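Trainee: Encoded as structure tokens, here's the structure I'll be asking about.
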Amino acid sequence: MQKLLLILLLVGVLIYFISRKLQAVGKSLAVQKQAKQGYILVDAGSQVVNKVIKNTLFSVGIGVVLLVITLVLAMKVKILLIMLPISLYLIGQLFLLNNQLKYTKDQQVWFNPANNNVLVEWLSGQKVQFNLLRDIQQIRTVKAVQKNNQVQFGYYEIIVHNNQLFLPLIIEENQVNNRFFKTLKDNYSIKGKTTLFPLI
């Protein structure tokens with residue numbers, strides 16, 4: 001019983017520190033980006049990021065509570081171990097969130113609605129420029145099997161000039177980006193794939 005409590009305490013401390021890091025990332029995403037003339041920034045926006053962080057942390061909290069209940073009660077009723085994968089899946093949402101926010105933070109996607117040009121810049125200094133209507137060679141979505149607490153994790157994988165670009169689905173939640181994603185969906189046949197953990 002003492003080992004079990006120690007494990008649960010360590011899991012709780014780990015989740016606490018990861019959630020603090022995610023909240024710090026959410027705040028850093030709110031920093032103003034340098035505007036480019038004629039372009040709009042295709043990003044999640046601080047309001048969407050904060051909502052996604054809050055909803056995901058709620059799911060993770062449910063997963064931790066479920067894990068504690070499962071481990072404590074499973075000592076007496078072995079059939080309750082069936083809840084273990086569910087609790088681990090909910091806790092795993094934290095790693096998905098971290099993955100999505102990393103890509104949202106590390107790249108900037110600029111879209112010019114007048115001529116459909118797109119400029120993607122990374123913190124590393126790398127840039128890719130293409131036309132949304134002409135230059136995309138392939139596009140597909142990779143999504144989680146289900147939404148958790150109104151959060152759909154996943155990403156768009158776009159092949160342009162033999163470069164692979166990834167756009168997290170949380171970017172699509174921002175209403176400012178409607179025209180960008182409508183243009184994509186209207187002009188391309190987008191293949192879909194579902195997976196348990198759609199990590200980029």
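The chains in the structure tokens are called A, B, ... from first to last as shown; in each chain the residues are counted from 1, and the ligands are counted from 1 in the order shown.
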Give me every alpha helix (DSSP H) residue in chain A, going by DSSP on the backbone, as an MDAnalysis selection string.

Mentor: chainID A and resid 2:29 45:73 84:106 178:187

Trainee: Per DSSP on the backbone, filter range 2-199 of chain A down to the residues in strand (DSSP E or B) and report them as a ChimeraX atom specification.

Mentor: /A:40-41,107-112,117-122,127-131,136-144,148,151,154-160,163-168,191-195

Trainee: Just give me the gap between CA of His161 in chain A and CA of Asn131 in chain A in Å, one decimal is fine.

Mentor: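 Rounded to one decimal, the two atoms are 10.6 Å apart.
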
Trainee: If we count only C-alpha atoms and set the cut-off at 12 Å, which residues sit around Gln37 in chain A, ignoring sequence neighbours fewer than 5 positions away in its own chain? Please answer as a PDB file with N, CA and C atoms, in the first residue's frame.

Mentor:
```pdb
ATOM      1  N   TRP A 110       1.777  32.107 -42.247  1.00  0.00           N
ATOM      2  CA  TRP A 110       1.198  33.369 -42.718  1.00  0.00           C
ATOM      3  C   TRP A 110       0.442  33.116 -44.013  1.00  0.00           C
ATOM      4  N   PHE A 111      -0.767  33.658 -44.101  1.00  0.00           N
ATOM      5  CA  PHE A 111      -1.638  33.426 -45.260  1.00  0.00           C
ATOM      6  C   PHE A 111      -2.068  34.762 -45.843  1.00  0.00           C
ATOM      7  N   ASN A 112      -1.896  34.916 -47.170  1.00  0.00           N
ATOM      8  CA  ASN A 112      -2.332  36.122 -47.861  1.00  0.00           C
ATOM      9  C   ASN A 112      -3.632  35.796 -48.606  1.00  0.00           C
ATOM     10  N   PRO A 113      -4.783  36.274 -48.109  1.00  0.00           N
ATOM     11  CA  PRO A 113      -6.068  35.929 -48.741  1.00  0.00           C
ATOM     12  C   PRO A 113      -6.212  36.490 -50.148  1.00  0.00           C
ATOM     13  N   ALA A 114      -5.466  37.544 -50.484  1.00  0.00           N
ATOM     14  CA  ALA A 114      -5.595  38.176 -51.803  1.00  0.00           C
ATOM     15  C   ALA A 114      -5.062  37.269 -52.912  1.00  0.00           C
TER      16      ALA A 114
END
```

Trainee: Identify which of the residues A:Leu97, A:Leu90, A:Val64, A:Tyr156 lies closest to Asn50 in chain A, counting only C-alpha atoms when measuring atom-to-atom distances.

Mentor: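 For Asn50 in chain A, the nearest of the candidates is A:Leu97.
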
Trainee: Name the residues in contact with Arg179 in chain A at a cut-off of 12 Å, using only C-alpha atoms, excluding same-chain residues fewer than 3 positions from it; report them as an mmCIF file with all heavy atoms, in the first residue's frame.

Mentor:
```cif
data_model
loop_
_atom_site.group_PDB
_atom_site.id
_atom_site.type_symbol
_atom_site.label_atom_id
_atom_site.label_comp_id
_atom_site.auth_asym_id
_atom_site.auth_seq_id
_atom_site.Cartn_x
_atom_site.Cartn_y
_atom_site.Cartn_z
ATOM 1 N N ILE A 40 -2.177 37.303 -42.977
ATOM 2 C CA ILE A 40 -2.753 37.089 -41.651
ATOM 3 C C ILE A 40 -2.082 35.864 -41.042
ATOM 4 O O ILE A 40 -1.716 34.921 -41.754
ATOM 5 C CB ILE A 40 -4.291 36.908 -41.699
ATOM 6 C CG1 ILE A 40 -4.697 35.726 -42.584
ATOM 7 C CG2 ILE A 40 -4.992 38.171 -42.134
ATOM 8 C CD1 ILE A 40 -6.159 35.364 -42.484
ATOM 9 N N LEU A 41 -1.899 35.900 -39.745
ATOM 10 C CA LEU A 41 -1.248 34.802 -39.046
ATOM 11 C C LEU A 41 -2.259 33.697 -38.780
ATOM 12 O O LEU A 41 -3.305 33.924 -38.193
ATOM 13 C CB LEU A 41 -0.651 35.301 -37.722
ATOM 14 C CG LEU A 41 0.113 34.289 -36.903
ATOM 15 C CD1 LEU A 41 1.330 33.758 -37.664
ATOM 16 C CD2 LEU A 41 0.558 34.911 -35.584
ATOM 17 N N VAL A 42 -1.943 32.497 -39.261
ATOM 18 C CA VAL A 42 -2.796 31.333 -39.043
ATOM 19 C C VAL A 42 -2.274 30.627 -37.790
ATOM 20 O O VAL A 42 -1.335 29.840 -37.854
ATOM 21 C CB VAL A 42 -2.770 30.379 -40.261
ATOM 22 C CG1 VAL A 42 -3.640 29.164 -40.017
ATOM 23 C CG2 VAL A 42 -3.191 31.111 -41.519
ATOM 24 N N PHE A 111 -0.767 33.658 -44.101
ATOM 25 C CA PHE A 111 -1.638 33.426 -45.260
ATOM 26 C C PHE A 111 -2.068 34.762 -45.843
ATOM 27 O O PHE A 111 -2.540 35.649 -45.123
ATOM 28 C CB PHE A 111 -2.863 32.623 -44.824
ATOM 29 C CG PHE A 111 -3.918 32.453 -45.882
ATOM 30 C CD1 PHE A 111 -3.624 31.867 -47.101
ATOM 31 C CD2 PHE A 111 -5.213 32.880 -45.649
ATOM 32 C CE1 PHE A 111 -4.601 31.701 -48.066
ATOM 33 C CE2 PHE A 111 -6.202 32.725 -46.608
ATOM 34 C CZ PHE A 111 -5.895 32.127 -47.818
ATOM 35 N N ASN A 112 -1.896 34.916 -47.170
ATOM 36 C CA ASN A 112 -2.332 36.122 -47.861
ATOM 37 C C ASN A 112 -3.632 35.796 -48.606
ATOM 38 O O ASN A 112 -3.603 35.102 -49.624
ATOM 39 C CB ASN A 112 -1.257 36.589 -48.848
ATOM 40 C CG ASN A 112 -1.576 37.943 -49.438
ATOM 41 O OD1 ASN A 112 -2.738 38.310 -49.585
ATOM 42 N ND2 ASN A 112 -0.542 38.696 -49.775
ATOM 43 N N PRO A 113 -4.783 36.274 -48.109
ATOM 44 C CA PRO A 113 -6.068 35.929 -48.741
ATOM 45 C C PRO A 113 -6.212 36.490 -50.148
ATOM 46 O O PRO A 113 -6.981 35.965 -50.949
ATOM 47 C CB PRO A 113 -7.110 36.560 -47.819
ATOM 48 C CG PRO A 113 -6.395 36.951 -46.573
ATOM 49 C CD PRO A 113 -4.956 37.107 -46.928
ATOM 50 N N ALA A 114 -5.466 37.544 -50.484
ATOM 51 C CA ALA A 114 -5.595 38.176 -51.803
ATOM 52 C C ALA A 114 -5.062 37.269 -52.912
ATOM 53 O O ALA A 114 -5.655 37.178 -53.993
ATOM 54 C CB ALA A 114 -4.865 39.519 -51.813
ATOM 55 N N ASN A 116 -3.591 33.950 -52.106
ATOM 56 C CA ASN A 116 -3.488 32.584 -51.576
ATOM 57 C C ASN A 116 -2.052 32.100 -51.372
ATOM 58 O O ASN A 116 -1.794 30.895 -51.375
ATOM 59 C CB ASN A 116 -4.257 31.589 -52.465
ATOM 60 C CG ASN A 116 -5.740 31.813 -52.397
ATOM 61 O OD1 ASN A 116 -6.331 31.839 -51.324
ATOM 62 N ND2 ASN A 116 -6.371 32.013 -53.547
ATOM 63 N N LEU A 132 -1.356 28.266 -52.025
ATOM 64 C CA LEU A 132 -2.314 27.306 -51.463
ATOM 65 C C LEU A 132 -3.105 26.574 -52.545
ATOM 66 O O LEU A 132 -3.525 25.439 -52.357
ATOM 67 C CB LEU A 132 -3.267 28.057 -50.524
ATOM 68 C CG LEU A 132 -4.056 27.243 -49.520
ATOM 69 C CD1 LEU A 132 -3.139 26.487 -48.580
ATOM 70 C CD2 LEU A 132 -4.974 28.143 -48.709
ATOM 71 N N GLU A 172 -7.223 25.112 -36.309
ATOM 72 C CA GLU A 172 -8.496 25.218 -37.024
ATOM 73 C C GLU A 172 -9.624 25.718 -36.117
ATOM 74 O O GLU A 172 -10.633 26.217 -36.596
ATOM 75 C CB GLU A 172 -8.855 23.857 -37.622
ATOM 76 C CG GLU A 172 -9.947 23.911 -38.658
ATOM 77 C CD GLU A 172 -10.156 22.582 -39.355
ATOM 78 O OE1 GLU A 172 -9.551 21.565 -38.942
ATOM 79 O OE2 GLU A 172 -10.939 22.546 -40.315
ATOM 80 N N ASN A 174 -9.584 28.283 -34.266
ATOM 81 C CA ASN A 174 -9.618 29.748 -34.279
ATOM 82 C C ASN A 174 -10.434 30.231 -35.483
ATOM 83 O O ASN A 174 -10.104 29.930 -36.628
ATOM 84 C CB ASN A 174 -8.187 30.297 -34.341
ATOM 85 C CG ASN A 174 -8.106 31.786 -34.100
ATOM 86 O OD1 ASN A 174 -9.117 32.485 -34.134
ATOM 87 N ND2 ASN A 174 -6.918 32.278 -33.857
ATOM 88 N N GLN A 175 -11.507 30.979 -35.222
ATOM 89 C CA GLN A 175 -12.413 31.444 -36.281
ATOM 90 C C GLN A 175 -11.717 32.320 -37.321
ATOM 91 O O GLN A 175 -12.135 32.395 -38.473
ATOM 92 C CB GLN A 175 -13.582 32.229 -35.667
ATOM 93 C CG GLN A 175 -14.425 31.428 -34.678
ATOM 94 C CD GLN A 175 -15.076 30.227 -35.325
ATOM 95 O OE1 GLN A 175 -15.622 30.316 -36.411
ATOM 96 N NE2 GLN A 175 -14.996 29.078 -34.662
ATOM 97 N N VAL A 176 -10.621 32.989 -36.938
ATOM 98 C CA VAL A 176 -9.872 33.855 -37.859
ATOM 99 C C VAL A 176 -9.319 33.045 -39.029
ATOM 100 O O VAL A 176 -9.135 33.577 -40.126
ATOM 101 C CB VAL A 176 -8.722 34.573 -37.097
ATOM 102 C CG1 VAL A 176 -7.851 35.395 -38.029
ATOM 103 C CG2 VAL A 176 -9.296 35.441 -35.986
ATOM 104 N N LYS A 182 -11.055 26.680 -45.239
ATOM 105 C CA LYS A 182 -12.114 26.497 -46.245
ATOM 106 C C LYS A 182 -11.488 26.368 -47.638
ATOM 107 O O LYS A 182 -11.902 25.539 -48.442
ATOM 108 C CB LYS A 182 -13.093 27.669 -46.195
ATOM 109 C CG LYS A 182 -14.282 27.484 -47.132
ATOM 110 C CD LYS A 182 -15.265 28.632 -47.003
ATOM 111 C CE LYS A 182 -16.530 28.417 -47.805
ATOM 112 N NZ LYS A 182 -16.378 27.904 -49.144
ATOM 113 N N THR A 183 -10.474 27.192 -47.919
ATOM 114 C CA THR A 183 -9.769 27.111 -49.202
ATOM 115 C C THR A 183 -9.121 25.744 -49.368
ATOM 116 O O THR A 183 -9.179 25.140 -50.444
ATOM 117 C CB THR A 183 -8.702 28.225 -49.296
ATOM 118 O OG1 THR A 183 -9.324 29.494 -49.082
ATOM 119 C CG2 THR A 183 -8.024 28.224 -50.650
ATOM 120 N N LEU A 184 -8.512 25.233 -48.304
ATOM 121 C CA LEU A 184 -7.902 23.897 -48.363
ATOM 122 C C LEU A 184 -8.940 22.825 -48.680
ATOM 123 O O LEU A 184 -8.754 22.003 -49.576
ATOM 124 C CB LEU A 184 -7.267 23.559 -47.012
ATOM 125 C CG LEU A 184 -5.805 23.865 -46.775
ATOM 126 C CD1 LEU A 184 -5.376 23.383 -45.403
ATOM 127 C CD2 LEU A 184 -4.918 23.269 -47.839
ATOM 128 N N LYS A 185 -10.053 22.856 -47.937
ATOM 129 C CA LYS A 185 -11.073 21.813 -48.082
ATOM 130 C C LYS A 185 -11.814 21.904 -49.409
ATOM 131 O O LYS A 185 -12.232 20.886 -49.960
ATOM 132 C CB LYS A 185 -12.058 21.896 -46.912
ATOM 133 C CG LYS A 185 -11.431 21.488 -45.596
ATOM 134 C CD LYS A 185 -12.359 21.732 -44.430
ATOM 135 C CE LYS A 185 -11.692 21.370 -43.119
ATOM 136 N NZ LYS A 185 -12.500 21.683 -41.958
ATOM 137 N N ASP A 186 -11.995 23.111 -49.934
ATOM 138 C CA ASP A 186 -12.717 23.284 -51.195
ATOM 139 C C ASP A 186 -11.888 22.866 -52.410
ATOM 140 O O ASP A 186 -12.445 22.541 -53.456
ATOM 141 C CB ASP A 186 -13.152 24.747 -51.373
ATOM 142 C CG ASP A 186 -14.285 25.127 -50.424
ATOM 143 O OD1 ASP A 186 -14.863 24.222 -49.781
ATOM 144 O OD2 ASP A 186 -14.585 26.332 -50.307
#
```

Trainee: Separation of CA of Thr70 in chain A and CA of Gly92 in chain A, in Å?

Mentor: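 Taking CA of Thr70 in chain A as the start and CA of Gly92 in chain A as the end point, the length is 16.5 Å.
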
Trainee: Using Å and a single decimal, report how far CA of Asn162 in chain A sits from CA of Ile139 in chain A.

Mentor: 12.1 Å

Trainee: I'd like the neighbourhood of Pro168 in chain A as a PyMOL selection string, where a residue qualifies if any of its atoms comes within 8 Å (using only C-alpha atoms), though same-chain residues fewer than 5 positions away should be ignored.

Mentor: chain A and resi 100+103-104+153-156

Trainee: Could you take the residues named above and write them with C-alpha atoms, as a PDB file, in the first residue's frame?

Mentor:
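So the final result, stored in again_0.pdb, reads:
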```pdb
ATOM      1  CA  GLN A 100       0.474  20.086 -30.364  1.00  0.00           C
ATOM      2  CA  TYR A 103       4.351  22.772 -33.102  1.00  0.00           C
ATOM      3  CA  THR A 104       2.034  25.728 -32.611  1.00  0.00           C
ATOM      4  CA  PHE A 153      -6.192  16.349 -31.284  1.00  0.00           C
ATOM      5  CA  GLY A 154      -4.518  15.692 -34.592  1.00  0.00           C
ATOM      6  CA  TYR A 155      -2.881  17.513 -37.462  1.00  0.00           C
ATOM      7  CA  TYR A 156      -2.875  18.274 -41.175  1.00  0.00           C
TER       8      TYR A 156
END
```

Trainee: From the options A:Gln152, A:Ile136, A:Lys78, A:Ile190, which residue's atoms come nearest to Ile171 in chain A, counting only C-alpha atoms?

Mentor: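 Looking only at the distances to Ile171 in chain A, the closest residue turns out to be A:Gln152.
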
Trainee: Name the closest residue to Leu66 in chain A among the candidates A:Gln107, A:Ser87, A:Thr141, A:Asn98; distances are taken between atoms, counting only C-alpha atoms.

Mentor: A:Ser87
